Amino acid sequence: MTKTPKTFRRIGLTVLAAALLTGVTAPAASAGQDRPELQRAAQEFVEAGFAGMQLRVRDERGEWSGSAGVRELGGTAKPPTNGHFRVGSTTKNFTATLVLQLVAEGRIGLDTPVAGLLPQFGLDSRITVRMLLQHTSGLFNHTGQYHPDGTVTPGIPWAGQEWVDKRFHTYQPEELVRLAVSKPAVFAPGAGWSYSNTNYVVARLLVEKLTGRPFADELDRRILRPLKLRDTLSPGAWAGMPKPYAHAYYRYENAGQWKTIDVTHQNPTWISSAGDMISTTKDLQTYFSALQSGKLLPAGLLAEMRVTHPGSESLYGFYGLGQFSQDLGPGCVGVVLNHNGGLNGYGSLMYSTPDGSKTLTASVTGGDAANDPTQAFPAALNKLVRTVFCGK
């Protein structure tokens, strides 16, 4: 499944693309550091139709942060560079890391079948931990399964008026998994690759089963507190947003009319641990650098994360265990690791070199532009990534 702009909608990027330690030490950022090439790259997202963007880069020149666009429609203030946002599917990388920490502790194996640990769902006995994290389980995507012939088997509502009406509804993780297993499998376990949010909801329940503690508590205990990620959280059913933040908007068509609503506040339980987290560009930078530089996982499991599936090619590269690997080609740094994401009104970017020394983290917010920003998103993203990692 290639994540063209059409596919962004498949995994929940809708409006946006409808797509202990502090890590490696970098030179200190100089006050007011001038990086016009980065500012221009951020501005291109706004020109594509997004309301705003905040961007943070750390490289051999130090750390730079900036923003473009507006914090709120009708206003003139730029998005705060320390603003909170919903990270969408970037959450999957945190979830995968939690599971792999349990593998490192010997609580479970990567190739251990999971059905016996979660017998209430009647999962196929061939589905393993690795298959969940790699999207090779064949589980139906509870947010809707898109088929190669262009047809769609609906899941829970996550777009349009139906989602707007239910955007404060609370779903239980078990409810999402039961919906998925009530549908035919996409393929036999291990026989293909298909991006399914359900895989990471099952992974969440696996963490809770193995530890006996809520997922959010384990996330806090194992990653957030050790790394001092004070602006990152798994919100559960809480629909709020910590300050500061840029507002996010959702534009949709209903009964032949286009509408735009503020969706900064929404209940993300429909996506659960496949995409519900809130963070900042600074926290994502700290986290992803720490992960890639070996601070959160032993070398062997970090290497496993980077083993990709040949059928998973997308705009972001090829998928491994909870992250993509993208080879930027000649003249660049080589391979970059990433996991971007989106939720209605929000999009996030999270990139790093394999040693964690050079990072790119960002957030874009949806606005009320009449054009579809997903059309220009791939080109703007490619330019930004190459500006940071290729010096072009």
# chains A, B, ... in the order shown; residues from 1 in each chain; ligands from 1
>>> closest_atom_pairs(of="segment 41-132 of chain A", to="segment 342-361 of chain A", cutoff="6 Å", atoms="only C-alpha atoms", output="tab-separated table")
residue	atom	partner	partner_atom	distance
A:Arg56	CA	A:Thr361	CA	5.3
A:Val57	CA	A:Leu360	CA	4.7
A:Arg58	CA	A:Thr359	CA	5.2
A:Asp59	CA	A:Lys358	CA	4.7
A:Val87	CA	A:Ser348	CA	5.2
A:Gly88	CA	A:Gly342	CA	4.2
>>> write_last_selection(atoms="C-alpha atoms", output="JSON list (two decimals), in the first residue's frame")
[["chain", "number", "residue", "atom", "x", "y", "z"],
["A", 56, "ARG", "CA", 12.36, 22.32, 14.72],
["A", 57, "VAL", "CA", 15.69, 21.15, 13.29],
["A", 58, "ARG", "CA", 18.85, 20.04, 15.07],
["A", 59, "ASP", "CA", 21.99, 19.54, 13.02],
["A", 87, "VAL", "CA", 0.80, 13.65, 16.72],
["A", 88, "GLY", "CA", -1.48, 11.07, 15.09]]
>>> residues_around(residues="Pro119 of chain A", least_positions_apart="2", cutoff="12 Å", atoms="only C-alpha atoms", output="list in words")
Pro113, Val114, Ala115, Gly116, Leu117, Phe121, Gly122, Leu123, Asp124, Ser125, Glu174, Arg178, Val202, Leu205, Leu206 and Lys209 of chain A
>>> residues_around(residues="Ile108 of chain A", least_positions_apart="6", cutoff="10 Å", atoms="only C-alpha atoms", output="VMD selection string")
chain A and resid 99 to 102 114 129 206 210
>>> write_last_selection(atoms="C-alpha atoms", output="PDB file, in the first residue's frame")
ATOM      1  CA  VAL A  99       6.487  -3.403  23.244  1.00  0.00           C
ATOM      2  CA  LEU A 100      10.134  -3.871  22.276  1.00  0.00           C
ATOM      3  CA  GLN A 101      11.235  -2.912  25.780  1.00  0.00           C
ATOM      4  CA  LEU A 102       9.138  -5.814  27.040  1.00  0.00           C
ATOM      5  CA  VAL A 114      -0.353 -13.193  20.822  1.00  0.00           C
ATOM      6  CA  VAL A 129       4.244  -9.600  18.034  1.00  0.00           C
ATOM      7  CA  LEU A 206      -0.600  -6.601  24.998  1.00  0.00           C
ATOM      8  CA  LEU A 210       2.064  -8.195  30.259  1.00  0.00           C
TER       9      LEU A 210
END
>>> select_by_dssp(residues="segment 38-111 of chain A", states="alpha helix (DSSP H)", output="VMD selection string")
chain A and resid 38 to 47 91 to 104
>>> closest_residue(among="A:Ala255, A:Tyr249, A:His135, A:Asn338", to="Gln285 of chain A", atoms="only C-alpha atoms")
A:Asn338
>>> closest_residue(among="A:Val364, A:Val385, A:Ala239, A:Leu337", to="Val46 of chain A", atoms="only C-alpha atoms")
A:Val364
>>> closest_residue(among="A:Ala48, A:Lys92, A:Arg230, A:Leu224", to="Phe377 of chain A", atoms="only C-alpha atoms")
A:Ala48
>>> closest_residue(among="A:Gln375, A:Ser363, A:Pro148, A:Thr128", to="Ser65 of chain A", atoms="only C-alpha atoms")
A:Ser363
>>> residues_around(residues="segment 302-310 of chain A", least_positions_apart="2", cutoff="7 Å", atoms="only C-alpha atoms", output="ChimeraX atom specification")
/A:297-300,312-313,318-322,325
>>> closest_residue(among="A:Glu175, A:Ala191, A:Val164, A:Ser89", to="Met131 of chain A", atoms="only C-alpha atoms")
A:Ala191
>>> select_by_dssp(residues="segment 250-345 of chain A", states="strand (DSSP E)", output="ChimeraX atom specification")
/A:250-254,257-262,278-279,318-319,324-327,335-338,341-343
>>> closest_residue(among="A:Gln172, A:Asn93, A:Gln54, A:Asn199", to="Leu139 of chain A", atoms="only C-alpha atoms")
A:Asn199
>>> residues_around(residues="Asn254 of chain A", least_positions_apart="6", cutoff="12 Å", atoms="only C-alpha atoms", output="PyMOL selection string")
chain A and resi 159-165+260
>>> atom_distance(atom1="atom CA of Val201 of chain A", atom2="atom CA of Ser272 of chain A")
6.3 Å
>>> atom_distance(atom1="atom CA of His147 of chain A", atom2="atom CA of Lys183 of chain A")
13.5 Å
>>> decode(residues="segment 210-255 of chain A", atoms="N, CA and C atoms", output="JSON list (two decimals), in the first residue's frame")
[["chain", "number", "residue", "atom", "x", "y", "z"],
["A", 210, "LEU", "N", 0.75, -7.75, 29.78],
["A", 210, "LEU", "CA", 2.06, -8.20, 30.26],
["A", 210, "LEU", "C", 2.53, -7.46, 31.51],
["A", 211, "THR", "N", 2.13, -6.20, 31.65],
["A", 211, "THR", "CA", 2.61, -5.40, 32.79],
["A", 211, "THR", "C", 1.61, -5.30, 33.92],
["A", 212, "GLY", "N", 0.32, -5.51, 33.61],
["A", 212, "GLY", "CA", -0.71, -5.36, 34.63],
["A", 212, "GLY", "C", -1.01, -3.91, 34.94],
["A", 213, "ARG", "N", -0.55, -2.99, 34.09],
["A", 213, "ARG", "CA", -0.77, -1.56, 34.32],
["A", 213, "ARG", "C", -1.34, -0.91, 33.07],
["A", 214, "PRO", "N", -2.05, 0.22, 33.24],
["A", 214, "PRO", "CA", -2.58, 0.93, 32.08],
["A", 214, "PRO", "C", -1.47, 1.36, 31.13],
["A", 215, "PHE", "N", -1.80, 1.39, 29.86],
["A", 215, "PHE", "CA", -0.83, 1.77, 28.83],
["A", 215, "PHE", "C", -0.21, 3.14, 29.13],
["A", 216, "ALA", "N", -1.03, 4.12, 29.46],
["A", 216, "ALA", "CA", -0.52, 5.48, 29.72],
["A", 216, "ALA", "C", 0.47, 5.48, 30.87],
["A", 217, "ASP", "N", 0.24, 4.66, 31.88],
["A", 217, "ASP", "CA", 1.15, 4.59, 33.02],
["A", 217, "ASP", "C", 2.50, 4.00, 32.61],
["A", 218, "GLU", "N", 2.46, 2.96, 31.77],
["A", 218, "GLU", "CA", 3.71, 2.36, 31.30],
["A", 218, "GLU", "C", 4.48, 3.32, 30.40],
["A", 219, "LEU", "N", 3.76, 4.03, 29.57],
["A", 219, "LEU", "CA", 4.39, 5.03, 28.72],
["A", 219, "LEU", "C", 5.10, 6.08, 29.56],
["A", 220, "ASP", "N", 4.42, 6.53, 30.60],
["A", 220, "ASP", "CA", 5.00, 7.54, 31.48],
["A", 220, "ASP", "C", 6.21, 7.00, 32.23],
["A", 221, "ARG", "N", 6.08, 5.78, 32.74],
["A", 221, "ARG", "CA", 7.14, 5.19, 33.58],
["A", 221, "ARG", "C", 8.38, 4.84, 32.78],
["A", 222, "ARG", "N", 8.18, 4.35, 31.55],
["A", 222, "ARG", "CA", 9.30, 3.82, 30.78],
["A", 222, "ARG", "C", 9.95, 4.83, 29.82],
["A", 223, "ILE", "N", 9.18, 5.82, 29.37],
["A", 223, "ILE", "CA", 9.71, 6.74, 28.36],
["A", 223, "ILE", "C", 9.59, 8.20, 28.76],
["A", 224, "LEU", "N", 8.40, 8.64, 29.12],
["A", 224, "LEU", "CA", 8.18, 10.08, 29.34],
["A", 224, "LEU", "C", 8.98, 10.63, 30.52],
["A", 225, "ARG", "N", 8.90, 9.96, 31.67],
["A", 225, "ARG", "CA", 9.63, 10.47, 32.84],
["A", 225, "ARG", "C", 11.14, 10.33, 32.70],
["A", 226, "PRO", "N", 11.66, 9.18, 32.26],
["A", 226, "PRO", "CA", 13.12, 9.08, 32.10],
["A", 226, "PRO", "C", 13.70, 10.12, 31.14],
["A", 227, "LEU", "N", 12.95, 10.46, 30.10],
["A", 227, "LEU", "CA", 13.44, 11.43, 29.12],
["A", 227, "LEU", "C", 13.01, 12.85, 29.44],
["A", 228, "LYS", "N", 12.25, 13.00, 30.54],
["A", 228, "LYS", "CA", 11.75, 14.32, 30.95],
["A", 228, "LYS", "C", 10.90, 14.97, 29.85],
["A", 229, "LEU", "N", 10.04, 14.17, 29.26],
["A", 229, "LEU", "CA", 9.13, 14.66, 28.22],
["A", 229, "LEU", "C", 7.86, 15.18, 28.90],
["A", 230, "ARG", "N", 7.97, 16.35, 29.48],
["A", 230, "ARG", "CA", 6.89, 16.90, 30.30],
["A", 230, "ARG", "C", 5.70, 17.39, 29.48],
["A", 231, "ASP", "N", 5.89, 17.55, 28.18],
["A", 231, "ASP", "CA", 4.82, 18.07, 27.33],
["A", 231, "ASP", "C", 4.21, 16.99, 26.43],
["A", 232, "THR", "N", 4.43, 15.73, 26.79],
["A", 232, "THR", "CA", 3.93, 14.61, 26.00],
["A", 232, "THR", "C", 2.99, 13.77, 26.85],
["A", 233, "LEU", "N", 1.88, 13.34, 26.27],
["A", 233, "LEU", "CA", 0.94, 12.53, 27.03],
["A", 233, "LEU", "C", 0.09, 11.66, 26.12],
["A", 234, "SER", "N", -0.40, 10.57, 26.71],
["A", 234, "SER", "CA", -1.42, 9.74, 26.08],
["A", 234, "SER", "C", -2.72, 10.13, 26.76],
["A", 235, "PRO", "N", -3.60, 10.89, 26.08],
["A", 235, "PRO", "CA", -4.70, 11.56, 26.77],
["A", 235, "PRO", "C", -5.90, 10.71, 27.12],
["A", 236, "GLY", "N", -5.98, 9.48, 26.60],
["A", 236, "GLY", "CA", -7.18, 8.70, 26.86],
["A", 236, "GLY", "C", -8.39, 9.39, 26.26],
["A", 237, "ALA", "N", -9.46, 9.53, 27.04],
["A", 237, "ALA", "CA", -10.69, 10.16, 26.55],
["A", 237, "ALA", "C", -10.71, 11.67, 26.75],
["A", 238, "TRP", "N", -9.63, 12.22, 27.34],
["A", 238, "TRP", "CA", -9.59, 13.67, 27.55],
["A", 238, "TRP", "C", -9.54, 14.39, 26.21],
["A", 239, "ALA", "N", -10.45, 15.31, 25.99],
["A", 239, "ALA", "CA", -10.55, 16.01, 24.71],
["A", 239, "ALA", "C", -9.80, 17.33, 24.68],
["A", 240, "GLY", "N", -9.15, 17.67, 25.79],
["A", 240, "GLY", "CA", -8.49, 18.97, 25.90],
["A", 240, "GLY", "C", -7.14, 19.02, 25.21],
["A", 241, "MET", "N", -6.51, 20.20, 25.31],
["A", 241, "MET", "CA", -5.19, 20.42, 24.73],
["A", 241, "MET", "C", -4.41, 21.32, 25.68],
["A", 242, "PRO", "N", -3.24, 20.89, 26.16],
["A", 242, "PRO", "CA", -2.45, 21.75, 27.05],
["A", 242, "PRO", "C", -2.01, 23.02, 26.31],
["A", 243, "LYS", "N", -1.92, 24.11, 27.04],
["A", 243, "LYS", "CA", -1.41, 25.35, 26.45],
["A", 243, "LYS", "C", 0.10, 25.37, 26.52],
["A", 244, "PRO", "N", 0.74, 26.07, 25.58],
["A", 244, "PRO", "CA", 0.19, 26.77, 24.43],
["A", 244, "PRO", "C", -0.08, 25.82, 23.28],
["A", 245, "TYR", "N", -0.86, 26.29, 22.31],
["A", 245, "TYR", "CA", -1.14, 25.48, 21.14],
["A", 245, "TYR", "C", -1.65, 26.37, 20.01],
["A", 246, "ALA", "N", -1.50, 25.86, 18.79],
["A", 246, "ALA", "CA", -2.14, 26.48, 17.64],
["A", 246, "ALA", "C", -3.47, 25.76, 17.42],
["A", 247, "HIS", "N", -4.49, 26.48, 17.03],
["A", 247, "HIS", "CA", -5.78, 25.87, 16.76],
["A", 247, "HIS", "C", -5.70, 25.04, 15.48],
["A", 248, "ALA", "N", -6.49, 23.97, 15.44],
["A", 248, "ALA", "CA", -6.56, 23.12, 14.27],
["A", 248, "ALA", "C", -7.99, 23.09, 13.76],
["A", 249, "TYR", "N", -8.13, 23.08, 12.45],
["A", 249, "TYR", "CA", -9.45, 23.15, 11.84],
["A", 249, "TYR", "C", -9.67, 21.98, 10.89],
["A", 250, "TYR", "N", -10.94, 21.58, 10.81],
["A", 250, "TYR", "CA", -11.34, 20.47, 9.95],
["A", 250, "TYR", "C", -12.33, 21.00, 8.92],
["A", 251, "ARG", "N", -12.01, 20.84, 7.66],
["A", 251, "ARG", "CA", -12.88, 21.28, 6.57],
["A", 251, "ARG", "C", -13.48, 20.05, 5.90],
["A", 252, "TYR", "N", -14.78, 20.02, 5.80],
["A", 252, "TYR", "CA", -15.44, 18.84, 5.25],
["A", 252, "TYR", "C", -16.70, 19.26, 4.50],
["A", 253, "GLU", "N", -17.16, 18.36, 3.67],
["A", 253, "GLU", "CA", -18.35, 18.61, 2.87],
["A", 253, "GLU", "C", -19.52, 17.82, 3.41],
["A", 254, "ASN", "N", -20.67, 18.45, 3.52],
["A", 254, "ASN", "CA", -21.87, 17.78, 3.99],
["A", 254, "ASN", "C", -23.07, 18.36, 3.27],
["A", 255, "ALA", "N", -23.86, 17.49, 2.67],
["A", 255, "ALA", "CA", -25.06, 17.90, 1.94],
["A", 255, "ALA", "C", -24.75, 18.97, 0.90]]
